[in-house]
file target.txt (compact mmCIF, C-alpha atoms and all ligand atoms)
# COMPACT_ATOMS: atom_id res chain seq x y z
CA MET A 1421 -15.19 -2.51 32.56
CA ASN A 1422 -15.74 0.50 30.44
CA GLY A 1423 -19.30 1.08 31.51
CA LYS A 1424 -19.35 4.85 31.44
CA VAL A 1425 -19.40 5.35 27.70
CA LYS A 1426 -21.86 8.13 26.90
CA ASN A 1427 -20.87 8.75 23.31
CA GLU A 1428 -22.60 6.99 20.48
CA LEU A 1429 -19.24 5.78 19.20
CA VAL A 1430 -15.95 5.38 21.04
CA ILE A 1431 -12.90 3.95 19.31
CA THR A 1432 -9.94 3.01 21.51
CA VAL A 1433 -6.59 2.39 19.82
CA ILE A 1434 -5.05 -0.61 21.55
CA TYR A 1435 -2.13 -1.45 19.30
CA ASP A 1436 -0.28 0.87 16.95
CA ASN A 1437 3.18 1.85 15.73
CA TYR A 1438 2.69 5.25 17.38
CA ARG A 1439 2.49 5.92 21.08
CA TYR A 1440 -0.21 8.21 22.43
CA ARG A 1441 -0.53 7.32 26.11
CA THR A 1442 2.91 7.06 27.69
CA ASP A 1443 2.03 3.88 29.61
CA ILE A 1444 0.68 1.96 26.60
CA GLU A 1445 3.48 0.35 24.57
CA PRO A 1446 3.52 0.77 20.81
CA GLY A 1447 4.44 -2.02 18.42
CA TRP A 1448 4.28 -2.65 14.69
CA GLY A 1449 0.66 -3.51 13.93
CA PHE A 1450 -2.82 -2.23 14.52
CA SER A 1451 -5.82 -2.96 16.70
CA CYS A 1452 -8.66 -0.84 18.01
CA LEU A 1453 -11.84 -1.42 19.97
CA VAL A 1454 -15.09 -0.10 18.53
CA ASP A 1455 -17.84 0.65 21.05
CA PHE A 1456 -20.94 1.40 19.03
CA ASN A 1457 -24.66 0.98 19.64
CA ASN A 1458 -24.17 -1.49 22.49
CA THR A 1459 -21.82 -3.68 20.53
CA ARG A 1460 -18.08 -4.12 21.10
CA ILE A 1461 -16.05 -5.10 18.10
CA LEU A 1462 -12.32 -5.57 18.10
CA PHE A 1463 -10.85 -4.38 14.81
CA ASP A 1464 -7.65 -6.37 14.08
CA THR A 1465 -5.41 -7.77 16.78
CA GLY A 1466 -1.87 -6.43 16.30
CA ALA A 1467 1.19 -8.60 15.76
CA ASP A 1468 1.85 -9.91 19.23
CA GLY A 1469 -0.79 -11.49 21.47
CA ASP A 1470 1.06 -10.73 24.70
CA LEU A 1471 1.33 -7.03 23.91
CA LEU A 1472 -2.30 -6.95 22.78
CA LEU A 1473 -3.53 -8.48 26.04
CA GLU A 1474 -1.18 -6.33 28.14
CA ASN A 1475 -2.45 -3.14 26.49
CA MET A 1476 -6.07 -4.25 26.82
CA ASP A 1477 -5.45 -4.90 30.50
CA LYS A 1478 -3.95 -1.42 31.01
CA LEU A 1479 -6.90 0.08 29.15
CA GLU A 1480 -9.25 -1.89 31.44
CA ILE A 1481 -11.01 -3.55 28.54
CA ASP A 1482 -13.03 -6.52 29.73
CA LEU A 1483 -12.20 -9.30 27.26
CA GLY A 1484 -15.55 -10.98 27.94
CA SER A 1485 -17.40 -7.88 26.75
CA ILE A 1486 -16.10 -8.21 23.18
CA ASP A 1487 -18.77 -9.80 20.99
CA SER A 1488 -16.99 -9.86 17.67
CA ILE A 1489 -13.62 -9.49 15.98
CA PHE A 1490 -13.14 -7.96 12.55
CA LEU A 1491 -9.94 -9.06 10.81
CA SER A 1492 -9.08 -6.76 7.90
CA HIS A 1493 -6.53 -8.95 6.13
CA GLU A 1494 -4.24 -11.86 6.82
CA ASP A 1495 -0.99 -9.99 7.54
CA PHE A 1496 0.74 -10.97 10.78
CA ASP A 1497 0.61 -7.44 12.16
CA HIS A 1498 -3.22 -7.58 12.06
CA VAL A 1499 -4.04 -11.20 12.91
CA GLY A 1500 -1.05 -12.01 15.17
CA GLY A 1501 -2.95 -11.55 18.42
CA VAL A 1502 -6.23 -13.24 17.55
CA LEU A 1503 -5.51 -16.71 18.95
CA SER A 1504 -4.27 -15.25 22.26
CA LEU A 1505 -7.47 -13.30 22.53
CA LEU A 1506 -9.63 -16.32 21.62
CA SER A 1507 -7.89 -18.33 24.36
CA MET A 1508 -9.41 -15.81 26.81
CA ASN A 1509 -12.80 -15.33 25.13
CA SER A 1510 -13.88 -17.56 22.25
CA ASN A 1511 -17.56 -16.63 22.45
CA VAL A 1512 -17.26 -14.26 19.52
CA ILE A 1513 -17.99 -13.99 15.81
CA VAL A 1514 -14.83 -13.44 13.77
CA TYR A 1515 -15.42 -11.61 10.48
CA VAL A 1516 -12.79 -12.49 7.91
CA PRO A 1517 -12.37 -11.93 4.18
CA GLN A 1518 -13.47 -15.05 2.35
CA SER A 1519 -9.98 -15.26 0.82
CA PHE A 1520 -8.32 -16.01 4.16
CA SER A 1521 -6.39 -19.29 4.06
CA SER A 1522 -8.48 -22.28 5.06
CA ALA A 1523 -5.77 -23.26 7.55
CA PHE A 1524 -6.17 -19.98 9.41
CA LYS A 1525 -9.98 -20.12 9.30
CA SER A 1526 -9.77 -23.63 10.81
CA GLU A 1527 -7.49 -22.40 13.58
CA ILE A 1528 -10.03 -19.73 14.52
CA LYS A 1529 -12.83 -22.31 14.54
CA GLU A 1530 -10.75 -24.78 16.55
CA ALA A 1531 -10.21 -22.02 19.12
CA GLY A 1532 -14.01 -22.04 19.60
CA ALA A 1533 -15.09 -18.93 17.68
CA ARG A 1534 -17.65 -18.67 14.90
CA VAL A 1535 -16.21 -17.57 11.57
CA LYS A 1536 -18.25 -15.35 9.29
CA GLN A 1537 -16.77 -14.94 5.83
CA VAL A 1538 -17.18 -11.69 3.96
CA HIS A 1539 -16.94 -11.27 0.21
CA GLU A 1540 -19.26 -8.48 -0.97
CA PHE A 1541 -20.18 -5.20 0.72
CA MET A 1542 -22.48 -6.12 3.61
CA GLU A 1543 -24.04 -4.97 6.86
CA LEU A 1544 -22.52 -7.03 9.70
CA LYS A 1545 -24.62 -5.49 12.46
CA LYS A 1546 -26.95 -2.54 12.52
CA ASN A 1547 -25.02 0.37 10.96
CA VAL A 1548 -21.75 -1.61 10.94
CA PHE A 1549 -20.61 -2.55 7.44
CA SER A 1550 -17.78 -4.27 5.62
CA THR A 1551 -16.62 -2.82 2.30
CA GLY A 1552 -16.27 -6.42 1.12
CA GLU A 1553 -12.98 -7.78 -0.15
CA LEU A 1554 -11.14 -5.19 -2.19
CA GLY A 1555 -7.83 -5.21 -4.02
CA THR A 1556 -6.05 -7.71 -6.18
CA TYR A 1557 -2.86 -9.16 -4.81
CA LYS A 1558 -3.73 -8.86 -1.13
CA LEU A 1559 -7.45 -8.79 -0.46
CA GLU A 1560 -8.61 -6.66 2.41
CA HIS A 1561 -11.89 -5.30 3.73
CA ALA A 1562 -12.44 -2.17 5.79
CA MET A 1563 -15.07 -1.39 8.41
CA VAL A 1564 -17.61 1.37 7.89
CA LEU A 1565 -19.77 2.70 10.72
CA ARG A 1566 -22.82 4.81 10.00
CA THR A 1567 -23.19 7.41 12.73
CA ARG A 1568 -25.86 10.12 12.68
CA GLY A 1569 -25.79 10.49 8.92
CA SER A 1570 -22.06 10.34 8.34
CA LEU A 1571 -19.53 7.59 7.96
CA VAL A 1572 -16.48 6.48 9.90
CA VAL A 1573 -14.10 4.28 7.92
CA ILE A 1574 -11.49 2.14 9.70
CA THR A 1575 -8.73 0.51 7.69
CA GLY A 1576 -6.05 -2.05 8.57
CA CYS A 1577 -3.25 -1.45 6.04
CA ALA A 1578 -5.38 -0.11 3.14
CA HIS A 1579 -3.51 -2.34 0.65
CA PRO A 1580 -6.33 -1.88 -1.94
CA GLY A 1581 -5.73 1.89 -1.78
CA ILE A 1582 -7.10 4.25 0.84
CA VAL A 1583 -8.97 6.40 -1.70
CA HIS A 1584 -10.54 3.34 -3.33
CA ILE A 1585 -11.74 2.12 0.08
CA VAL A 1586 -13.35 5.46 0.97
CA GLN A 1587 -14.97 5.72 -2.48
CA ARG A 1588 -16.44 2.27 -2.03
CA ALA A 1589 -17.97 3.23 1.32
CA LYS A 1590 -19.42 6.43 -0.15
CA GLU A 1591 -20.83 4.64 -3.20
CA GLU A 1592 -22.57 2.02 -1.12
CA LEU A 1593 -23.95 4.20 1.65
CA ASN A 1594 -24.23 7.56 -0.09
CA ASP A 1595 -23.34 9.56 3.01
CA LYS A 1596 -20.70 12.12 3.87
CA VAL A 1597 -17.50 10.88 5.47
CA LEU A 1598 -16.74 12.11 8.94
CA LEU A 1599 -13.52 10.24 9.73
CA VAL A 1600 -11.10 7.91 7.99
CA MET A 1601 -8.58 6.24 10.30
CA GLY A 1602 -6.07 3.40 10.41
CA GLY A 1603 -3.12 2.38 8.26
CA PHE A 1604 -3.09 4.23 4.93
CA HIS A 1605 -0.05 2.37 3.55
CA LEU A 1606 1.73 5.35 1.99
CA MET A 1607 5.25 4.55 3.17
CA GLY A 1608 7.94 5.61 0.73
CA MET A 1609 5.44 7.31 -1.56
CA ASP A 1610 6.64 10.57 -3.10
CA ASN A 1611 5.12 13.83 -1.88
CA ASP A 1612 3.22 14.53 -5.10
CA ARG A 1613 1.31 11.28 -4.85
CA VAL A 1614 0.60 11.81 -1.16
CA MET A 1615 -0.70 15.28 -2.05
CA GLN A 1616 -3.00 13.70 -4.65
CA ILE A 1617 -4.41 11.44 -1.97
CA ILE A 1618 -4.95 14.36 0.42
CA ASN A 1619 -6.70 16.24 -2.38
CA ALA A 1620 -8.86 13.20 -3.07
CA PHE A 1621 -9.82 13.22 0.62
CA ARG A 1622 -10.83 16.87 0.20
CA SER A 1623 -12.89 16.23 -2.89
CA MET A 1624 -14.60 13.29 -1.20
CA GLY A 1625 -15.43 15.66 1.69
CA VAL A 1626 -13.55 13.71 4.36
CA GLN A 1627 -13.76 15.85 7.48
CA TYR A 1628 -11.19 14.15 9.70
CA ALA A 1629 -8.24 11.88 8.94
CA GLY A 1630 -6.39 9.74 11.46
CA PRO A 1631 -3.52 8.11 9.59
CA CYS A 1632 -1.47 5.75 11.75
CA HIS A 1633 0.18 2.29 11.66
CA CYS A 1634 1.74 1.80 8.19
CA THR A 1635 0.96 5.27 6.81
CA GLY A 1636 4.64 6.28 7.01
CA ASP A 1637 6.03 9.18 9.04
CA SER A 1638 6.44 11.64 6.20
CA PRO A 1639 2.98 11.11 4.62
CA ARG A 1640 1.46 11.30 8.11
CA GLU A 1641 3.15 14.66 8.68
CA MET A 1642 1.79 15.88 5.33
CA PHE A 1643 -1.71 14.92 6.44
CA ARG A 1644 -1.15 16.79 9.70
CA LYS A 1645 -0.03 19.93 7.88
CA GLU A 1646 -2.65 19.84 5.13
CA MET A 1647 -5.69 18.75 7.15
CA GLY A 1648 -5.04 21.21 9.99
CA SER A 1649 -7.78 20.82 12.59
CA GLY A 1650 -9.07 17.84 10.57
CA PHE A 1651 -5.98 15.83 11.49
CA VAL A 1652 -6.54 13.29 14.25
CA GLU A 1653 -3.48 12.25 16.23
CA LEU A 1654 -3.71 8.52 16.82
CA GLY A 1655 -1.55 6.17 18.82
CA THR A 1656 -1.74 3.59 21.59
CA GLY A 1657 -4.37 4.32 24.21
CA VAL A 1658 -6.18 7.21 22.53
CA LYS A 1659 -9.98 7.20 22.68
CA ILE A 1660 -11.76 8.79 19.75
CA GLY A 1661 -15.08 10.14 20.97
CA VAL A 1662 -13.65 10.95 24.39
CA GLU A 1663 -10.22 12.62 24.24
CA ILE A 1664 -10.69 13.50 20.59
CA ASP A 1665 -14.34 14.11 20.09
CA VAL A 1666 -14.89 14.18 16.36
CA VAL A 1667 -18.04 12.12 16.73
CA LYS A 1668 -19.86 14.28 19.24
CA ASN A 1669 -19.13 17.45 17.28
CA ASN A 1670 -20.82 15.97 14.28
CA THR A 1671 -24.37 17.21 14.35
ZN ZN A 1701 -0.26 -3.54 8.67
ZN ZN A 1702 -0.94 -5.37 5.62

call {"tool": "encode", "arguments": {"input": "target.txt", "output": "structure tokens"}}
result
Amino acid sequence: MNGKVKNELVITVIYDNYRYRTDIEPGWGFSCLVDFNNTRILFDTGADGDLLLENMDKLEIDLGSIDSIFLSHEDFDHVGGVLSLLSMNSNVIVYVPQSFSSAFKSEIKEAGARVKQVHEFMELKKNVFSTGELGTYKLEHAMVLRTRGSLVVITGCAHPGIVHIVQRAKEELNDKVLLVMGGFHLMGMDNDRVMQIINAFRSMGVQYAGPCHCTGDSPREMFRKEMGSGFVELGTGVKIGVEIDVVKNNT
């Protein structure tokens, strides 16, 4: 049980391509736990259910304490672990883009969970929002948390475009952006375009960036260099709000 959380928001990276804690195995995919205002939401579930559960066990996350699961998009590296998790705790709401295949939505329901479909921008719980389905060929929604007057944006792969996602959050909530984290999907992109994205982050006033998962090594290193102290090193086992306290410093 993680009962000692004092921070308003703590995000624990459970599953990622990058390793942070030496004892927590990395793997291709993404999942993090969001502890916020007495709610515990699992954001995505990685590719492999066994690795997800093993990492959650090592991180001493009580599966029964999770009240909802947010699935960003239907790629295997984000939804792969969900049925394993539901076999341990199905008393959850699973937020999915409306465009998810009906076969997969049925599987989630058959596992005993309640499915809540998301299409437009909406508040899921107090100060927890979905951007709504964005993109064209692969629809995806991102999670936006409103903390003390500034926003934290969490993305799965950011297929609709990381800048587009952050703009959407800003438009809807009209707040400054504290942190953007998750997969930015910039693999193989040339340096000039990555630089444009970093500059867009600057002009949108993004204070901290935590690119991980499918961002790509080289773009991630550019973010590290360009953002300086605004770069957040993410990987398996890291706790944002505890080890890296961008949230607490935000007054
Ligand atoms: Zn991905
Ligand atoms: Zn993806």

call {"tool": "closest_residue", "arguments": {"input": "target.txt", "among": "A:Val1535, A:Ile1434, A:Ala1467, A:Ile1618", "to": "ligand ZN 1702 (chain A)", "atoms": "only C-alpha atoms and all ligand atoms"}}
result
A:Ala1467

call {"tool": "residues_around", "arguments": {"input": "target.txt", "residues": "region 1585-1598 of chain A", "least_positions_apart": "4", "cutoff": "8 Å", "atoms": "all atoms listed in the file", "output": "number ranges by chain"}}
result
A: 1541, 1551, 1554, 1562, 1564, 1569-1573, 1578, 1580-1581, 1624-1628, 1666-1667, 1670

call {"tool": "closest_residue", "arguments": {"input": "target.txt", "among": "A:Gly1501, A:Gly1484, A:Gly1636, A:Gly1576", "to": "ligand ZN 1702 (chain A)", "atoms": "all atoms listed in the file"}}
result
A:Gly1576

call {"tool": "residues_around", "arguments": {"input": "target.txt", "residues": "region 1474-1478 of chain A", "least_positions_apart": "4", "cutoff": "8 Å", "atoms": "only C-alpha atoms", "output": "PyMOL selection string"}}
result
chain A and resi 1434-1435+1444-1445+1470+1482-1483

call {"tool": "closest_atom_pairs", "arguments": {"input": "target.txt", "of": "chain A", "to": "ligand ZN 1701 (chain A)", "cutoff": "12 Å", "atoms": "only C-alpha atoms and all ligand atoms", "output": "CSV"}}
result
residue,atom,partner,partner_atom,distance
A:Tyr1435,CA,A:ZN1701,ZN,11.0
A:Asp1436,CA,A:ZN1701,ZN,9.4
A:Asn1437,CA,A:ZN1701,ZN,9.5
A:Gly1447,CA,A:ZN1701,ZN,10.9
A:Trp1448,CA,A:ZN1701,ZN,7.6
A:Gly1449,CA,A:ZN1701,ZN,5.3
A:Phe1450,CA,A:ZN1701,ZN,6.5
A:Ser1451,CA,A:ZN1701,ZN,9.8
A:Asp1464,CA,A:ZN1701,ZN,9.6
A:Thr1465,CA,A:ZN1701,ZN,10.5
A:Gly1466,CA,A:ZN1701,ZN,8.3
A:Ala1467,CA,A:ZN1701,ZN,8.8
A:Leu1491,CA,A:ZN1701,ZN,11.3
A:Ser1492,CA,A:ZN1701,ZN,9.4
A:His1493,CA,A:ZN1701,ZN,8.7
A:Glu1494,CA,A:ZN1701,ZN,9.4
A:Asp1495,CA,A:ZN1701,ZN,6.6
A:Phe1496,CA,A:ZN1701,ZN,7.8
A:Asp1497,CA,A:ZN1701,ZN,5.3
A:His1498,CA,A:ZN1701,ZN,6.0
A:Val1499,CA,A:ZN1701,ZN,9.5
A:Gly1500,CA,A:ZN1701,ZN,10.7
A:Lys1558,CA,A:ZN1701,ZN,11.7
A:Glu1560,CA,A:ZN1701,ZN,10.9
A:Thr1575,CA,A:ZN1701,ZN,9.4
A:Gly1576,CA,A:ZN1701,ZN,6.0
A:Cys1577,CA,A:ZN1701,ZN,4.5
A:Ala1578,CA,A:ZN1701,ZN,8.3
A:His1579,CA,A:ZN1701,ZN,8.7
A:Gly1602,CA,A:ZN1701,ZN,9.2
A:Gly1603,CA,A:ZN1701,ZN,6.6
A:Phe1604,CA,A:ZN1701,ZN,9.1
A:His1605,CA,A:ZN1701,ZN,7.8
A:Leu1606,CA,A:ZN1701,ZN,11.3
A:Met1607,CA,A:ZN1701,ZN,11.2
A:Cys1632,CA,A:ZN1701,ZN,9.9
A:His1633,CA,A:ZN1701,ZN,6.6
A:Cys1634,CA,A:ZN1701,ZN,5.7
A:Thr1635,CA,A:ZN1701,ZN,9.1
A:Gly1636,CA,A:ZN1701,ZN,11.1

call {"tool": "write_last_selection", "arguments": {"input": "target.txt", "atoms": "C-alpha atoms", "output": "JSON list (two decimals), keeping the file's coordinate frame"}}
result
[["chain", "number", "residue", "atom", "x", "y", "z"],
["A", 1435, "TYR", "CA", -2.13, -1.45, 19.30],
["A", 1436, "ASP", "CA", -0.28, 0.87, 16.95],
["A", 1437, "ASN", "CA", 3.18, 1.85, 15.73],
["A", 1447, "GLY", "CA", 4.44, -2.02, 18.42],
["A", 1448, "TRP", "CA", 4.28, -2.65, 14.69],
["A", 1449, "GLY", "CA", 0.66, -3.51, 13.93],
["A", 1450, "PHE", "CA", -2.82, -2.23, 14.52],
["A", 1451, "SER", "CA", -5.82, -2.96, 16.70],
["A", 1464, "ASP", "CA", -7.65, -6.37, 14.08],
["A", 1465, "THR", "CA", -5.41, -7.77, 16.78],
["A", 1466, "GLY", "CA", -1.87, -6.43, 16.30],
["A", 1467, "ALA", "CA", 1.19, -8.60, 15.76],
["A", 1491, "LEU", "CA", -9.94, -9.06, 10.81],
["A", 1492, "SER", "CA", -9.08, -6.76, 7.90],
["A", 1493, "HIS", "CA", -6.53, -8.95, 6.13],
["A", 1494, "GLU", "CA", -4.24, -11.86, 6.82],
["A", 1495, "ASP", "CA", -0.99, -9.99, 7.54],
["A", 1496, "PHE", "CA", 0.74, -10.97, 10.78],
["A", 1497, "ASP", "CA", 0.61, -7.44, 12.16],
["A", 1498, "HIS", "CA", -3.22, -7.58, 12.06],
["A", 1499, "VAL", "CA", -4.04, -11.20, 12.91],
["A", 1500, "GLY", "CA", -1.05, -12.01, 15.17],
["A", 1558, "LYS", "CA", -3.73, -8.86, -1.13],
["A", 1560, "GLU", "CA", -8.61, -6.66, 2.41],
["A", 1575, "THR", "CA", -8.73, 0.51, 7.69],
["A", 1576, "GLY", "CA", -6.05, -2.05, 8.57],
["A", 1577, "CYS", "CA", -3.25, -1.45, 6.04],
["A", 1578, "ALA", "CA", -5.38, -0.11, 3.14],
["A", 1579, "HIS", "CA", -3.51, -2.34, 0.65],
["A", 1602, "GLY", "CA", -6.07, 3.40, 10.41],
["A", 1603, "GLY", "CA", -3.12, 2.38, 8.26],
["A", 1604, "PHE", "CA", -3.09, 4.23, 4.93],
["A", 1605, "HIS", "CA", -0.05, 2.37, 3.55],
["A", 1606, "LEU", "CA", 1.73, 5.35, 1.99],
["A", 1607, "MET", "CA", 5.25, 4.55, 3.17],
["A", 1632, "CYS", "CA", -1.47, 5.75, 11.75],
["A", 1633, "HIS", "CA", 0.18, 2.29, 11.66],
["A", 1634, "CYS", "CA", 1.74, 1.80, 8.19],
["A", 1635, "THR", "CA", 0.96, 5.27, 6.81],
["A", 1636, "GLY", "CA", 4.64, 6.28, 7.01]]

call {"tool": "atom_distance", "arguments": {"input": "target.txt", "atom1": "CA of Val1658 (chain A)", "atom2": "CA of Tyr1438 (chain A)"}}
result
10.4 Å

call {"tool": "residues_around", "arguments": {"input": "target.txt", "residues": "Ile1461 (chain A)", "least_positions_apart": "4", "cutoff": "6 Å", "atoms": "all atoms listed in the file", "output": "ChimeraX atom specification"}}
result
/A:1453-1454,1486,1488-1489

call {"tool": "atom_distance", "arguments": {"input": "target.txt", "atom1": "CA of Val1548 (chain A)", "atom2": "CA of Phe1520 (chain A)"}}
result
20.8 Å
